[in-house]
file work_29.tsv (TSV, C-alpha atoms and all ligand atoms)
chain	number	residue	atom	x	y	z
A	1	MET	CA	137.33	105.71	77.68
A	2	ARG	CA	140.94	106.48	76.82
A	3	HIS	CA	143.52	103.80	76.79
A	4	CYS	CA	147.28	103.66	77.33
A	5	ASP	CA	148.81	100.88	75.24
A	6	ALA	CA	152.13	100.99	77.07
A	7	CYS	CA	150.60	100.48	80.55
A	8	ALA	CA	147.56	98.55	79.29
A	9	VAL	CA	145.18	100.63	81.40
A	10	ASP	CA	141.95	102.52	80.74
A	11	ILE	CA	141.94	106.14	81.78
A	12	GLU	CA	138.89	108.15	82.83
A	13	GLY	CA	138.85	111.88	82.03
A	14	ALA	CA	140.20	113.96	79.17
A	15	TRP	CA	143.88	113.11	79.45
A	16	GLY	CA	145.97	113.71	76.34
A	17	ARG	CA	148.89	111.67	77.69
A	18	CYS	CA	148.98	108.77	80.11
A	19	PRO	CA	149.31	110.05	83.69
A	20	LEU	CA	151.53	107.08	84.52
A	21	CYS	CA	154.06	106.95	81.71
A	22	GLY	CA	153.40	110.02	79.55
A	23	THR	CA	152.69	108.21	76.27
A	24	PRO	CA	149.92	109.71	74.12
A	25	VAL	CA	146.65	107.91	74.82
A	26	THR	CA	144.08	106.62	72.36
A	27	GLY	CA	140.30	106.38	72.38
A	28	GLU	CA	137.37	108.63	73.25
A	29	ALA	CA	137.57	110.98	76.25
A	30	THR	CA	135.06	110.43	79.05
A	31	ALA	CA	133.92	112.74	81.85
A	32	SER	CA	136.43	113.05	84.66
A	33	PRO	CA	135.42	111.18	87.83
A	34	LEU	CA	137.00	113.89	89.97
A	35	PRO	CA	135.18	117.14	90.81
A	36	SER	CA	136.88	120.22	89.39
A	37	VAL	CA	138.20	122.27	92.30
A	38	PRO	CA	138.95	125.92	91.47
A	39	LEU	CA	142.26	127.32	92.65
A	40	THR	CA	141.43	129.38	95.70
A	41	PHE	CA	143.45	131.87	97.72
A	42	SER	CA	142.75	133.88	100.84
A	43	ARG	CA	141.94	137.44	99.86
A	44	ARG	CA	142.76	138.70	103.31
A	45	ARG	CA	146.14	137.05	103.19
A	46	VAL	CA	146.93	138.58	99.80
A	47	VAL	CA	145.91	142.03	101.08
A	48	ARG	CA	148.08	141.57	104.17
A	49	VAL	CA	151.10	140.51	102.13
A	50	LEU	CA	150.57	143.48	99.78
A	51	PHE	CA	150.23	145.82	102.76
A	52	PHE	CA	153.45	144.74	104.43
A	53	THR	CA	155.35	144.58	101.12
A	54	SER	CA	154.23	148.13	100.31
A	55	LEU	CA	155.12	149.30	103.80
A	56	ALA	CA	158.57	147.73	103.56
A	57	VAL	CA	159.20	149.27	100.11
A	58	ILE	CA	158.10	152.72	101.31
A	59	LEU	CA	160.22	152.58	104.47
A	60	ALA	CA	163.22	151.33	102.45
A	61	SER	CA	162.73	154.13	99.92
A	62	PHE	CA	162.58	156.68	102.76
A	63	ALA	CA	165.76	155.27	104.26
A	64	ALA	CA	167.45	155.28	100.84
A	65	GLN	CA	166.95	159.06	100.67
A	66	LEU	CA	169.58	159.41	103.40
A	67	LEU	CA	172.21	157.99	101.05
A	68	PHE	CA	171.91	160.96	98.70
A	69	SER	CA	173.37	164.23	99.83
A	70	HIS	CA	171.07	167.23	99.45
A	71	GLU	CA	173.89	169.17	97.78
A	72	LEU	CA	173.58	167.09	94.61
A	73	THR	CA	172.19	169.40	91.95
A	74	GLY	CA	169.24	168.17	89.94
A	75	LEU	CA	168.24	165.66	92.59
A	76	GLY	CA	165.73	167.93	94.31
A	77	MET	CA	163.00	167.45	91.75
A	78	ILE	CA	163.33	163.66	91.54
A	79	ARG	CA	163.51	163.40	95.31
A	80	SER	CA	160.36	165.48	95.74
A	81	VAL	CA	158.42	163.34	93.28
A	82	TRP	CA	159.76	160.18	94.94
A	83	LEU	CA	158.91	161.37	98.45
A	84	GLY	CA	155.53	162.65	97.32
A	85	LEU	CA	154.56	159.35	95.71
A	86	SER	CA	155.79	157.30	98.68
A	87	ALA	CA	153.98	159.57	101.11
A	88	MET	CA	150.76	159.34	99.10
A	89	TRP	CA	150.96	155.55	98.97
A	90	LEU	CA	151.65	155.40	102.71
A	91	VAL	CA	148.63	157.58	103.47
A	92	VAL	CA	146.46	155.41	101.22
A	93	LEU	CA	147.70	152.30	103.05
A	94	MET	CA	146.91	153.84	106.44
A	95	ALA	CA	143.52	155.06	105.27
A	96	VAL	CA	142.64	151.56	104.10
A	97	ARG	CA	143.73	150.01	107.39
A	98	LYS	CA	142.06	152.52	109.70
A	99	ARG	CA	138.85	153.24	107.90
A	100	ARG	CA	136.55	152.29	110.77
A	101	ASN	CA	137.41	154.97	113.29
A	102	LEU	CA	137.51	158.44	111.79
A	103	ALA	CA	139.13	160.17	114.76
A	104	LYS	CA	141.79	157.45	114.96
A	105	SER	CA	142.50	157.75	111.23
A	106	THR	CA	142.90	161.51	111.71
A	107	VAL	CA	145.52	161.05	114.42
A	108	TYR	CA	147.42	158.56	112.22
A	109	LEU	CA	147.21	160.91	109.25
A	110	VAL	CA	148.47	163.93	111.20
A	111	VAL	CA	151.36	161.99	112.74
A	112	ILE	CA	152.43	160.24	109.51
A	113	VAL	CA	152.11	163.22	107.18
A	114	GLY	CA	153.71	165.49	109.80
A	115	LEU	CA	156.71	163.17	110.21
A	116	ILE	CA	157.09	162.81	106.43
A	117	CYS	CA	157.09	166.62	106.04
A	118	VAL	CA	159.72	167.06	108.75
A	119	TYR	CA	161.88	164.34	107.15
A	120	TRP	CA	161.43	165.87	103.70
A	121	ASP	CA	162.39	169.28	105.09
A	122	TYR	CA	165.47	167.75	106.74
A	123	LEU	CA	166.52	166.01	103.49
A	124	SER	CA	166.30	169.24	101.51
A	125	GLY	CA	168.68	171.08	103.85
A	126	TRP	CA	166.19	172.23	106.51
A	127	PRO	CA	164.64	175.42	105.18
A	128	GLY	CA	162.09	175.02	107.99
A	129	TRP	CA	158.87	174.95	105.95
A	130	SER	CA	157.62	171.78	107.66
A	131	LEU	CA	157.45	173.20	111.20
A	132	THR	CA	156.55	176.70	110.03
A	133	TYR	CA	153.72	175.81	107.66
A	134	ALA	CA	153.04	172.12	106.99
A	135	VAL	CA	152.59	170.77	110.53
A	136	PRO	CA	150.54	173.71	111.96
A	137	ILE	CA	148.28	173.81	108.88
A	138	LEU	CA	147.90	170.02	108.97
A	139	CYS	CA	146.97	170.05	112.68
A	140	ALA	CA	144.61	173.00	112.37
A	141	SER	CA	142.87	171.49	109.34
A	142	SER	CA	142.42	168.14	111.04
A	143	ILE	CA	140.94	169.81	114.13
A	144	VAL	CA	138.49	171.74	111.97
A	145	ALA	CA	137.67	168.54	110.08
A	146	LEU	CA	137.04	166.73	113.37
A	147	LEU	CA	134.84	169.56	114.59
A	148	ILE	CA	132.77	169.31	111.44
A	149	THR	CA	132.52	165.52	111.35
A	150	VAL	CA	132.18	164.60	115.00
A	151	ARG	CA	130.27	167.78	115.87
A	152	LEU	CA	131.62	168.51	119.30
A	153	MET	CA	128.27	169.59	120.65
A	154	ARG	CA	127.10	166.01	120.52
A	155	ILE	CA	130.18	164.17	121.67
A	156	GLU	CA	130.41	160.54	120.69
A	157	THR	CA	131.68	158.35	123.44
A	158	GLY	CA	134.35	155.74	123.28
A	159	GLU	CA	137.52	155.76	121.26
A	160	HIS	CA	136.38	158.76	119.22
A	161	VAL	CA	136.73	161.03	122.22
A	162	VAL	CA	140.19	159.75	123.06
A	163	TYR	CA	141.47	160.24	119.52
A	164	SER	CA	139.77	163.61	119.15
A	165	VAL	CA	141.54	164.77	122.30
A	166	LEU	CA	144.82	163.39	120.93
A	167	THR	CA	144.33	165.39	117.73
A	168	VAL	CA	143.71	168.56	119.73
A	169	LEU	CA	146.81	167.87	121.85
A	170	LEU	CA	148.85	167.41	118.66
A	171	GLY	CA	147.60	170.85	117.66
A	172	LEU	CA	149.36	172.28	120.73
A	173	ALA	CA	152.77	171.13	119.45
A	174	PRO	CA	153.23	174.17	117.14
A	175	ILE	CA	153.17	176.39	120.25
A	176	GLY	CA	156.31	174.49	121.27
A	177	PHE	CA	157.89	175.07	117.83
A	178	LEU	CA	157.18	178.77	118.34
A	179	ALA	CA	158.64	178.81	121.85
A	180	PHE	CA	161.84	177.09	120.69
A	181	GLY	CA	162.19	179.51	117.76
A	182	TRP	CA	162.01	176.75	115.14
A	183	VAL	CA	159.66	178.64	112.82
A	184	THR	CA	160.31	181.40	110.30
A	185	ASN	CA	156.73	182.69	110.31
A	186	ALA	CA	154.83	182.67	113.59
A	187	LEU	CA	151.30	183.03	112.20
A	188	PRO	CA	150.44	179.39	111.31
A	189	SER	CA	151.66	178.15	114.71
A	190	ILE	CA	149.70	180.85	116.54
A	191	ILE	CA	146.50	180.03	114.64
A	192	CYS	CA	146.91	176.29	115.19
A	193	GLY	CA	147.82	176.59	118.88
A	194	GLY	CA	144.99	179.07	119.48
A	195	LEU	CA	142.49	176.81	117.75
A	196	SER	CA	143.60	173.85	119.86
A	197	LEU	CA	143.23	175.85	123.07
A	198	ILE	CA	139.74	177.01	122.08
A	199	VAL	CA	138.69	173.44	121.26
A	200	LEU	CA	140.16	172.18	124.54
A	201	VAL	CA	138.11	174.75	126.45
A	202	LEU	CA	135.03	173.81	124.40
A	203	LEU	CA	135.59	170.14	125.15
A	204	GLN	CA	135.86	170.99	128.82
A	205	LEU	CA	132.67	173.07	128.79
A	206	VAL	CA	130.54	170.85	126.61
A	207	GLY	CA	131.51	167.38	127.66
A	208	GLY	CA	134.21	167.67	130.29
A	209	ARG	CA	132.81	164.89	132.40
A	210	THR	CA	132.28	162.54	129.45
A	211	VAL	CA	135.75	163.26	128.13
A	212	ARG	CA	137.40	162.72	131.52
A	213	HIS	CA	135.43	159.54	132.05
A	214	GLU	CA	136.39	158.13	128.65
A	215	LEU	CA	140.03	159.15	128.98
A	216	GLY	CA	140.18	157.65	132.46
A	217	LYS	CA	138.63	154.42	131.24
A	218	ARG	CA	140.85	154.09	128.17
A	219	LEU	CA	144.16	155.30	129.54
A	220	HIS	CA	143.69	153.88	133.07
A	221	VAL	CA	144.38	157.16	134.85
B	1	ZN	ZN	150.88	104.58	80.24

call {"tool": "encode", "arguments": {"input": "work_29.tsv", "output": "structure tokens"}}
result
Amino acid sequence: MRHCDACAVDIEGAWGRCPLCGTPVTGEATASPLPSVPLTFSRRRVVRVLFFTSLAVILASFAAQLLFSHELTGLGMIRSVWLGLSAMWLVVLMAVRKRRNLAKSTVYLVVIVGLICVYWDYLSGWPGWSLTYAVPILCASSIVALLITVRLMRIETGEHVVYSVLTVLLGLAPIGFLAFGWVTNALPSIICGGLSLIVLVLLQLVGGRTVRHELGKRLHV
């Protein structure tokens, strides 16, 4: 057992210095009487803190873009890389959070990526590529992806239906862009809007009653 001459006490455990006064101790070390408790932390809490920190940084970086005028030469490239990286990180964050419900994740993805594209377009002086190409292509692709994954012929009940319908309704938005003359090339909007209408009709034919029932139940209509 170790011994502190200054305090005249015996000390259990492998102390190098006296825990009372700090003087170096003498004698042989013995086993500590206390169990060794590992430092623990809550993984979920760490993930949550990381999530919200990332979200805050991304939103701040998006807001910061407003401070720089789009007339500044040489900024375009840096801004695109910056926006691209932030957007990618945001999508990863959302994908991690919403991994359980595929249809729900799709709606989130379409809305978030669509909004980022529109913002990006706005920051770079509004050439109109977001509404002309990005949003219609995004909507059309997500509808096709949903058709493949959920397989409309065998409609899954519950939230999936609600979010699938939401995705299809989002696909109708490009028809509005077209009507308001916001697009420079009509083709992507026409394809996307047409696809949405076809899928809506299909939904009605294949599982109209199921869809109405689920929507009524979820949205209280
Ligand atoms: Zn001591």

call {"tool": "residues_around", "arguments": {"input": "work_29.tsv", "residues": "Thr132 in chain A", "least_positions_apart": "2", "cutoff": "9 Å", "atoms": "only C-alpha atoms", "output": "mmCIF file with C-alpha atoms, in the frame of the given file"}}
result
data_model
loop_
_atom_site.group_PDB
_atom_site.id
_atom_site.type_symbol
_atom_site.label_atom_id
_atom_site.label_comp_id
_atom_site.auth_asym_id
_atom_site.auth_seq_id
_atom_site.Cartn_x
_atom_site.Cartn_y
_atom_site.Cartn_z
ATOM 1 C CA GLY A 128 162.090 175.020 107.990
ATOM 2 C CA TRP A 129 158.870 174.950 105.950
ATOM 3 C CA SER A 130 157.620 171.780 107.660
ATOM 4 C CA ALA A 134 153.040 172.120 106.990
ATOM 5 C CA VAL A 135 152.590 170.770 110.530
ATOM 6 C CA PRO A 136 150.540 173.710 111.960
ATOM 7 C CA ILE A 137 148.280 173.810 108.880
ATOM 8 C CA PRO A 174 153.230 174.170 117.140
ATOM 9 C CA PHE A 177 157.890 175.070 117.830
ATOM 10 C CA LEU A 178 157.180 178.770 118.340
ATOM 11 C CA TRP A 182 162.010 176.750 115.140
ATOM 12 C CA VAL A 183 159.660 178.640 112.820
ATOM 13 C CA THR A 184 160.310 181.400 110.300
ATOM 14 C CA ASN A 185 156.730 182.690 110.310
ATOM 15 C CA ALA A 186 154.830 182.670 113.590
ATOM 16 C CA LEU A 187 151.300 183.030 112.200
ATOM 17 C CA PRO A 188 150.440 179.390 111.310
ATOM 18 C CA SER A 189 151.660 178.150 114.710
#

call {"tool": "residues_around", "arguments": {"input": "work_29.tsv", "residues": "Ala63 in chain A", "least_positions_apart": "2", "cutoff": "12 Å", "atoms": "only C-alpha atoms", "output": "PyMOL selection string"}}
result
chain A and resi 56-61+65-68+83+86+116+119-120+123

call {"tool": "residues_near_ligand", "arguments": {"input": "work_29.tsv", "ligand": "ligand ZN 1 (chain B)", "cutoff": "12 Å", "atoms": "only C-alpha atoms and all ligand atoms", "output": "PyMOL selection string"}}
result
chain A and resi 2-11+15-26

call {"tool": "closest_residue", "arguments": {"input": "work_29.tsv", "among": "A:Leu215, A:Val206, A:Val81, A:Leu90", "to": "Val165 in chain A", "atoms": "only C-alpha atoms"}}
result
A:Leu215

call {"tool": "atom_distance", "arguments": {"input": "work_29.tsv", "atom1": "CA of Arg209 in chain A", "atom2": "CA of Ile143 in chain A"}}
result
20.6 Å

call {"tool": "atom_distance", "arguments": {"input": "work_29.tsv", "atom1": "CA of Arg97 in chain A", "atom2": "CA of Phe51 in chain A"}}
result
9.0 Å

call {"tool": "closest_residue", "arguments": {"input": "work_29.tsv", "among": "A:Thr167, A:Ser42, A:Thr106, A:Ser124", "to": "Leu197 in chain A", "atoms": "all atoms listed in the file"}}
result
A:Thr167

call {"tool": "residues_around", "arguments": {"input": "work_29.tsv", "residues": "Leu102 in chain A", "least_positions_apart": "5", "cutoff": "12 Å", "atoms": "only C-alpha atoms", "output": "list in words"}}
result
Met94, Ala95, Val96, Arg97, Val107, Tyr108, Leu109, Ser142, Ala145, Leu146, Leu147, Ile148, Thr149, Val150, Glu156, Glu159, His160, Val161, Val162, Tyr163, Ser164 and Thr167 of chain A

call {"tool": "closest_residue", "arguments": {"input": "work_29.tsv", "among": "A:Leu172, A:Leu166, A:Val47, A:Met88", "to": "Ile191 in chain A", "atoms": "all atoms listed in the file"}}
result
A:Leu172
